[in-house]
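Worksheet: the structure to be examined is printed underneath.
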Amino acid sequence: MRRTVFNEDHEAFRETIRDFIAAEVVPHYDAWREAGQAPREFYKKLGELGVFGIEVPEEYGGAGETSFKFNAVITEETARAGVSFGGSSVHTALCLPYLLKYANEEQKRRWLPSFVTGDMMTAIAMTEPGTGSDLAGMKTTAKLSEDGTHYVLNGAKTFITGGVLADRVLVCARTAPPTPRTAAAAYPSSWWTPRARATRSAASWRSWA
Ligand SMILES: Cc1cc2nc3c(=O)[nH]c(=O)nc-3n(C[C@H](O)[C@H](O)[C@H](O)COP(=O)(O)OP(=O)(O)OC[C@H]3O[C@@H](n4cnc5c(N)ncnc54)[C@H](O)[C@@H]3O)c2cc1C
């Protein structure tokens, strides 16, 4: 049965992605699996291909697409070839919506252009050594410094996809001790922070599976 969900533009994009996978991913994939992650340059290539800017508004360097169909094409083509684009789906599907919804205009102008090119890779840190599905048990705190100029994060995160290579990490943290109300909130607070000290991302290893 022929699908009608994709149009000519999607199919042209599919050809581009298929060729890219054959040339830039398949020949290196075993080595990346061995290393536990794709190299940083690979994400720059995805940026050059336009993969990171699909849903970013045009004024920030993206294509301004509002549907998920182009990303669905990527999912289909990586599955077809039995490969993955590493942590790129966290960059586009999880971190980007936060940026588009919560960043102010100055922040969007500062971050989105390099988000699109792959010069700034992102990750999201929710899970902690003692907290997985139930984020209400999260212990990481964010406290305002005494001079009120910045927040100090204190805690540990684990299983962060792309965490080793990320330039900026969206960190979920508490600003106050849990109460019955805040304990029920899935995302008490989120901070956009430069990558601190990441060791090895267990999740990025497991993402290859
Ligand atoms: C490939 C991969 C990539 C990941 N990437 C990220 C990332 O980028 N950022 C990030 O923050 N985290 C990431 N994670 C972590 C992921 O979000 C957690 O693994 C997930 O939230 C589950 O937490 P947990 O492993 O501690 O399991 P637990 O929460 O301890 O759950 C264990 C089992 O108990 C069940 N369970 C839990 N609570 C209940 C309940 N109340 N009632 C009934 N059953 C329950 C669960 O369904 C599960 O079967 C990643 C994980 C994987 C595997």
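Residues are referred to by chain and number: the chain letter is A, B, ... according to the order shown in the structure tokens, the number counts from 1 in that chain, and ligands are numbered separately from 1 in the order shown.
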- Task: Could you pull out the residues sitting within 7 Å of ligand 1, using only C-alpha atoms and all ligand atoms, and write them as a list in words?
- Result: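 Checked against 7 Å with only C-alpha atoms and all ligand atoms; the hits are Val90, Ala123, Ile124, Ala125, Met126, Thr127, Gly130, Thr131, Gly132, Ser133, Asp134, Thr158, Phe159, Ile160, Thr161, Gly162, Ala203, Ser204, Arg206 and Ser207 of chain A.
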Writer output for current selection, N, CA, C and O atoms, as a PDB file, in the first residue's frame:
ATOM      1  N   VAL A  90      17.913  13.693  20.955  1.00  0.00           N
ATOM      2  CA  VAL A  90      17.738  14.418  22.223  1.00  0.00           C
ATOM      3  C   VAL A  90      17.918  15.919  21.969  1.00  0.00           C
ATOM      4  O   VAL A  90      17.167  16.755  22.475  1.00  0.00           O
ATOM      5  N   ALA A 123      22.105  18.494  25.740  1.00  0.00           N
ATOM      6  CA  ALA A 123      21.621  17.270  26.384  1.00  0.00           C
ATOM      7  C   ALA A 123      20.666  17.690  27.491  1.00  0.00           C
ATOM      8  O   ALA A 123      20.616  18.868  27.863  1.00  0.00           O
ATOM      9  N   ILE A 124      19.915  16.730  28.008  1.00  0.00           N
ATOM     10  CA  ILE A 124      18.993  17.040  29.107  1.00  0.00           C
ATOM     11  C   ILE A 124      19.264  16.089  30.271  1.00  0.00           C
ATOM     12  O   ILE A 124      19.389  14.879  30.070  1.00  0.00           O
ATOM     13  N   ALA A 125      19.398  16.660  31.469  1.00  0.00           N
ATOM     14  CA  ALA A 125      19.777  15.863  32.644  1.00  0.00           C
ATOM     15  C   ALA A 125      18.644  15.851  33.663  1.00  0.00           C
ATOM     16  O   ALA A 125      18.460  16.811  34.415  1.00  0.00           O
ATOM     17  N   MET A 126      17.886  14.770  33.662  1.00  0.00           N
ATOM     18  CA  MET A 126      16.811  14.587  34.642  1.00  0.00           C
ATOM     19  C   MET A 126      17.179  13.467  35.617  1.00  0.00           C
ATOM     20  O   MET A 126      17.116  13.637  36.832  1.00  0.00           O
ATOM     21  N   THR A 127      17.556  12.314  35.064  1.00  0.00           N
ATOM     22  CA  THR A 127      17.779  11.116  35.878  1.00  0.00           C
ATOM     23  C   THR A 127      18.951  11.283  36.844  1.00  0.00           C
ATOM     24  O   THR A 127      19.967  11.880  36.497  1.00  0.00           O
ATOM     25  N   GLY A 130      19.656   7.910  42.174  1.00  0.00           N
ATOM     26  CA  GLY A 130      18.577   7.310  42.950  1.00  0.00           C
ATOM     27  C   GLY A 130      17.193   7.649  42.438  1.00  0.00           C
ATOM     28  O   GLY A 130      16.191   7.341  43.085  1.00  0.00           O
ATOM     29  N   THR A 131      17.092   8.304  41.284  1.00  0.00           N
ATOM     30  CA  THR A 131      15.786   8.763  40.788  1.00  0.00           C
ATOM     31  C   THR A 131      15.672   8.562  39.288  1.00  0.00           C
ATOM     32  O   THR A 131      16.441   9.151  38.528  1.00  0.00           O
ATOM     33  N   GLY A 132      14.714   7.722  38.878  1.00  0.00           N
ATOM     34  CA  GLY A 132      14.514   7.479  37.456  1.00  0.00           C
ATOM     35  C   GLY A 132      13.145   7.939  37.018  1.00  0.00           C
ATOM     36  O   GLY A 132      12.900   9.128  36.825  1.00  0.00           O
ATOM     37  N   SER A 133      12.208   7.000  36.906  1.00  0.00           N
ATOM     38  CA  SER A 133      10.860   7.338  36.438  1.00  0.00           C
ATOM     39  C   SER A 133      10.199   8.384  37.322  1.00  0.00           C
ATOM     40  O   SER A 133       9.518   9.290  36.836  1.00  0.00           O
ATOM     41  N   ASP A 134      10.397   8.256  38.632  1.00  0.00           N
ATOM     42  CA  ASP A 134       9.707   9.144  39.568  1.00  0.00           C
ATOM     43  C   ASP A 134      10.573  10.365  39.864  1.00  0.00           C
ATOM     44  O   ASP A 134      11.292  10.426  40.861  1.00  0.00           O
ATOM     45  N   THR A 158      22.806  10.982  35.927  1.00  0.00           N
ATOM     46  CA  THR A 158      23.366   9.798  35.265  1.00  0.00           C
ATOM     47  C   THR A 158      22.527   9.428  34.045  1.00  0.00           C
ATOM     48  O   THR A 158      21.401   9.920  33.896  1.00  0.00           O
ATOM     49  N   PHE A 159      23.084   8.574  33.190  1.00  0.00           N
ATOM     50  CA  PHE A 159      22.407   8.110  31.964  1.00  0.00           C
ATOM     51  C   PHE A 159      22.065   9.262  31.024  1.00  0.00           C
ATOM     52  O   PHE A 159      20.995   9.263  30.411  1.00  0.00           O
ATOM     53  N   ILE A 160      22.919  10.274  30.917  1.00  0.00           N
ATOM     54  CA  ILE A 160      22.575  11.443  30.108  1.00  0.00           C
ATOM     55  C   ILE A 160      23.045  11.238  28.664  1.00  0.00           C
ATOM     56  O   ILE A 160      24.246  11.304  28.376  1.00  0.00           O
ATOM     57  N   THR A 161      22.106  11.019  27.780  1.00  0.00           N
ATOM     58  CA  THR A 161      22.441  10.797  26.370  1.00  0.00           C
ATOM     59  C   THR A 161      23.157  12.018  25.796  1.00  0.00           C
ATOM     60  O   THR A 161      22.660  13.139  25.911  1.00  0.00           O
ATOM     61  N   GLY A 162      24.314  11.789  25.214  1.00  0.00           N
ATOM     62  CA  GLY A 162      25.080  12.889  24.628  1.00  0.00           C
ATOM     63  C   GLY A 162      25.763  13.762  25.665  1.00  0.00           C
ATOM     64  O   GLY A 162      26.343  14.796  25.322  1.00  0.00           O
ATOM     65  N   ALA A 203      24.323   6.251  29.036  1.00  0.00           N
ATOM     66  CA  ALA A 203      23.173   6.230  28.140  1.00  0.00           C
ATOM     67  C   ALA A 203      23.611   6.246  26.688  1.00  0.00           C
ATOM     68  O   ALA A 203      22.994   5.624  25.842  1.00  0.00           O
ATOM     69  N   SER A 204      24.705   6.995  26.388  1.00  0.00           N
ATOM     70  CA  SER A 204      25.099   7.053  24.992  1.00  0.00           C
ATOM     71  C   SER A 204      25.620   5.690  24.538  1.00  0.00           C
ATOM     72  O   SER A 204      25.497   5.327  23.390  1.00  0.00           O
ATOM     73  N   ARG A 206      24.354   2.890  25.680  1.00  0.00           N
ATOM     74  CA  ARG A 206      23.173   2.053  25.528  1.00  0.00           C
ATOM     75  C   ARG A 206      22.318   2.512  24.357  1.00  0.00           C
ATOM     76  O   ARG A 206      21.520   1.747  23.839  1.00  0.00           O
ATOM     77  N   SER A 207      22.487   3.776  23.943  1.00  0.00           N
ATOM     78  CA  SER A 207      21.669   4.272  22.843  1.00  0.00           C
ATOM     79  C   SER A 207      21.947   3.529  21.544  1.00  0.00           C
ATOM     80  O   SER A 207      21.153   3.566  20.623  1.00  0.00           O
TER      81      SER A 207
END
- Query: So which residues touch Cys95 in chain A within 12 Å, counting only C-alpha atoms, skipping near sequence neighbours fewer than 2 positions away, as a ChimeraX atom specification?
  - Reply: /A:52,55-56,87-93,97-103,111-112,115,120-126,161-162,166,168-172,190-192
Write the residues of the preceding selection, restricted to N, CA, C and O atoms, as a compact mmCIF listing (two decimals), in the first residue's frame.
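Final file, out.txt:
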# COMPACT_ATOMS: atom_id res chain seq x y z
N PHE A 52 19.53 19.66 12.20
CA PHE A 52 19.24 20.28 13.50
C PHE A 52 18.34 21.51 13.37
O PHE A 52 17.82 22.00 14.36
N GLU A 55 13.14 22.28 12.61
CA GLU A 55 12.01 22.90 13.31
C GLU A 55 12.37 24.22 13.99
O GLU A 55 11.60 24.75 14.78
N VAL A 56 13.55 24.75 13.67
CA VAL A 56 13.96 26.05 14.23
C VAL A 56 13.45 27.15 13.30
O VAL A 56 13.59 27.05 12.08
N GLY A 87 23.22 10.98 19.82
CA GLY A 87 22.36 11.78 20.69
C GLY A 87 21.61 12.88 19.97
O GLY A 87 21.05 13.77 20.61
N SER A 88 21.55 12.85 18.64
CA SER A 88 20.97 14.00 17.92
C SER A 88 19.48 14.15 18.16
O SER A 88 18.96 15.26 18.12
N SER A 89 18.77 13.05 18.42
CA SER A 89 17.32 13.20 18.62
C SER A 89 17.03 13.86 19.97
O SER A 89 16.01 14.54 20.12
N VAL A 90 17.91 13.69 20.95
CA VAL A 90 17.74 14.42 22.22
C VAL A 90 17.92 15.92 21.97
O VAL A 90 17.17 16.75 22.47
N HIS A 91 18.92 16.25 21.15
CA HIS A 91 19.20 17.64 20.78
C HIS A 91 17.95 18.29 20.16
O HIS A 91 17.53 19.37 20.58
N THR A 92 17.34 17.61 19.19
CA THR A 92 16.24 18.22 18.45
C THR A 92 14.86 17.97 19.06
O THR A 92 14.02 18.86 19.07
N ALA A 93 14.63 16.76 19.55
CA ALA A 93 13.26 16.43 20.00
C ALA A 93 13.02 16.77 21.46
O ALA A 93 11.87 17.00 21.86
N PRO A 97 12.45 21.95 22.06
CA PRO A 97 11.17 22.49 22.53
C PRO A 97 11.31 23.39 23.76
O PRO A 97 10.61 24.40 23.88
N TYR A 98 12.22 23.04 24.69
CA TYR A 98 12.45 23.90 25.85
C TYR A 98 12.94 25.27 25.40
O TYR A 98 12.50 26.31 25.88
N LEU A 99 13.92 25.25 24.48
CA LEU A 99 14.50 26.51 24.02
C LEU A 99 13.44 27.37 23.33
O LEU A 99 13.35 28.57 23.57
N LEU A 100 12.65 26.75 22.47
CA LEU A 100 11.65 27.52 21.72
C LEU A 100 10.58 28.07 22.64
O LEU A 100 10.07 29.17 22.44
N LYS A 101 10.24 27.31 23.69
CA LYS A 101 9.14 27.75 24.55
C LYS A 101 9.59 28.69 25.67
O LYS A 101 8.89 29.64 26.01
N TYR A 102 10.77 28.43 26.24
CA TYR A 102 11.13 29.16 27.46
C TYR A 102 12.24 30.19 27.30
O TYR A 102 12.40 31.06 28.15
N ALA A 103 13.06 30.09 26.25
CA ALA A 103 14.14 31.07 26.10
C ALA A 103 13.55 32.42 25.69
O ALA A 103 12.57 32.47 24.94
N TRP A 111 21.63 31.41 21.20
CA TRP A 111 21.86 29.97 21.18
C TRP A 111 21.41 29.25 19.92
O TRP A 111 22.04 28.28 19.49
N LEU A 112 20.29 29.68 19.34
CA LEU A 112 19.72 28.85 18.25
C LEU A 112 20.60 28.75 17.00
O LEU A 112 20.68 27.67 16.41
N PHE A 115 22.98 26.12 17.68
CA PHE A 115 22.23 24.87 17.83
C PHE A 115 22.01 24.25 16.45
O PHE A 115 22.17 23.06 16.23
N MET A 120 26.91 24.02 18.84
CA MET A 120 26.50 23.86 20.23
C MET A 120 25.59 22.63 20.32
O MET A 120 24.47 22.66 19.81
N MET A 121 26.09 21.56 20.93
CA MET A 121 25.25 20.37 21.11
C MET A 121 24.67 20.38 22.52
O MET A 121 25.30 20.87 23.46
N THR A 122 23.45 19.85 22.63
CA THR A 122 22.74 19.93 23.91
C THR A 122 22.35 18.55 24.43
O THR A 122 22.27 17.58 23.67
N ALA A 123 22.11 18.49 25.74
CA ALA A 123 21.62 17.27 26.38
C ALA A 123 20.67 17.69 27.49
O ALA A 123 20.62 18.87 27.86
N ILE A 124 19.91 16.73 28.01
CA ILE A 124 18.99 17.04 29.11
C ILE A 124 19.26 16.09 30.27
O ILE A 124 19.39 14.88 30.07
N ALA A 125 19.40 16.66 31.47
CA ALA A 125 19.78 15.86 32.64
C ALA A 125 18.64 15.85 33.66
O ALA A 125 18.46 16.81 34.42
N MET A 126 17.89 14.77 33.66
CA MET A 126 16.81 14.59 34.64
C MET A 126 17.18 13.47 35.62
O MET A 126 17.12 13.64 36.83
N THR A 161 22.11 11.02 27.78
CA THR A 161 22.44 10.80 26.37
C THR A 161 23.16 12.02 25.80
O THR A 161 22.66 13.14 25.91
N GLY A 162 24.31 11.79 25.21
CA GLY A 162 25.08 12.89 24.63
C GLY A 162 25.76 13.76 25.66
O GLY A 162 26.34 14.80 25.32
N ALA A 166 28.14 17.10 24.99
CA ALA A 166 27.27 18.28 24.98
C ALA A 166 28.01 19.54 25.41
O ALA A 166 28.87 19.51 26.29
N ARG A 168 26.06 22.37 26.12
CA ARG A 168 25.12 22.93 27.10
C ARG A 168 24.18 21.82 27.54
O ARG A 168 23.74 21.02 26.73
N VAL A 169 23.88 21.80 28.83
CA VAL A 169 23.01 20.76 29.36
C VAL A 169 21.84 21.40 30.09
O VAL A 169 22.02 22.29 30.92
N LEU A 170 20.64 20.97 29.73
CA LEU A 170 19.44 21.42 30.43
C LEU A 170 19.30 20.56 31.68
O LEU A 170 19.08 19.36 31.58
N VAL A 171 19.48 21.17 32.85
CA VAL A 171 19.51 20.41 34.10
C VAL A 171 18.22 20.64 34.89
O VAL A 171 17.85 21.79 35.13
N CYS A 172 17.57 19.57 35.27
CA CYS A 172 16.38 19.69 36.12
C CYS A 172 16.83 19.65 37.58
O CYS A 172 17.57 18.74 37.98
N SER A 190 14.30 24.02 35.72
CA SER A 190 15.31 23.58 34.75
C SER A 190 16.35 24.67 34.55
O SER A 190 16.01 25.84 34.48
N TRP A 191 17.60 24.27 34.48
CA TRP A 191 18.69 25.22 34.25
C TRP A 191 19.44 24.87 32.99
O TRP A 191 19.64 23.71 32.67
N TRP A 192 19.83 25.88 32.29
CA TRP A 192 20.59 25.72 31.07
C TRP A 192 22.02 26.04 31.44
O TRP A 192 22.35 27.17 31.74
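Nearest residue to Phe20 in chain A, choosing from A:Thr175, A:Thr4, A:Thr78, A:Thr141 and counting only C-alpha atoms: A:Thr78.
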- Backbone DSSP call of strand (DSSP E or B) for range 107-166 of chain A, listed as a VMD selection string: chain A and resid 122 to 125 128 131 141 to 144 151 to 154
- Any idea what's packed within 10 Å of Phe68 in chain A, counting only C-alpha atoms, ignoring anything in its chain fewer than 2 positions away? Could you give it as a list in words? Ile54, Glu55, Glu65, Thr66, Phe70, Asn71, Ala72, Val73 and Ala93 of chain A
- Item | Selected residue, from A:Phe6, A:Met1, A:Val152, A:Arg14, that lies nearest to Thr75 in chain A when counting only C-alpha atoms |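 The answer is A:Arg14, which sits nearest to Thr75 in chain A.
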- Query: So which residues of range 21-191 of chain A fall under helix (DSSP H, G or I) by DSSP, listed as JSON, numbers by chain?
  - Reply: {"A": [21, 22, 23, 24, 25, 26, 27, 28, 29, 30, 31, 32, 33, 34, 35, 40, 41, 42, 43, 44, 45, 46, 47, 48, 49, 51, 52, 53, 58, 59, 60, 69, 70, 71, 72, 73, 74, 75, 76, 77, 78, 79, 80, 81, 88, 89, 90, 91, 92, 93, 94, 95, 96, 97, 98, 99, 100, 101, 102, 105, 106, 107, 108, 109, 110, 111, 112, 113, 114, 115, 116, 117, 135, 136, 137, 180, 181, 182, 183, 184]}
- Task: In Å, rounded to a single decimal, give me how far CA of Glu76 in chain A is from CA of Glu58 in chain A.
- Result: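 CA of Glu76 in chain A lies at a distance of 25.3 Å from CA of Glu58 in chain A.
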- Query: In Å, with one decimal, what is the gap from CA of Arg109 in chain A to CA of Glu146 in chain A?
  - Reply: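 These atoms are spaced 29.2 Å apart.
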- With only C-alpha atoms as the basis for distance, which of A:Leu94, A:Ala22, A:Leu46, A:Ala176 is at the shortest distance from Ala142 in chain A? A:Ala176
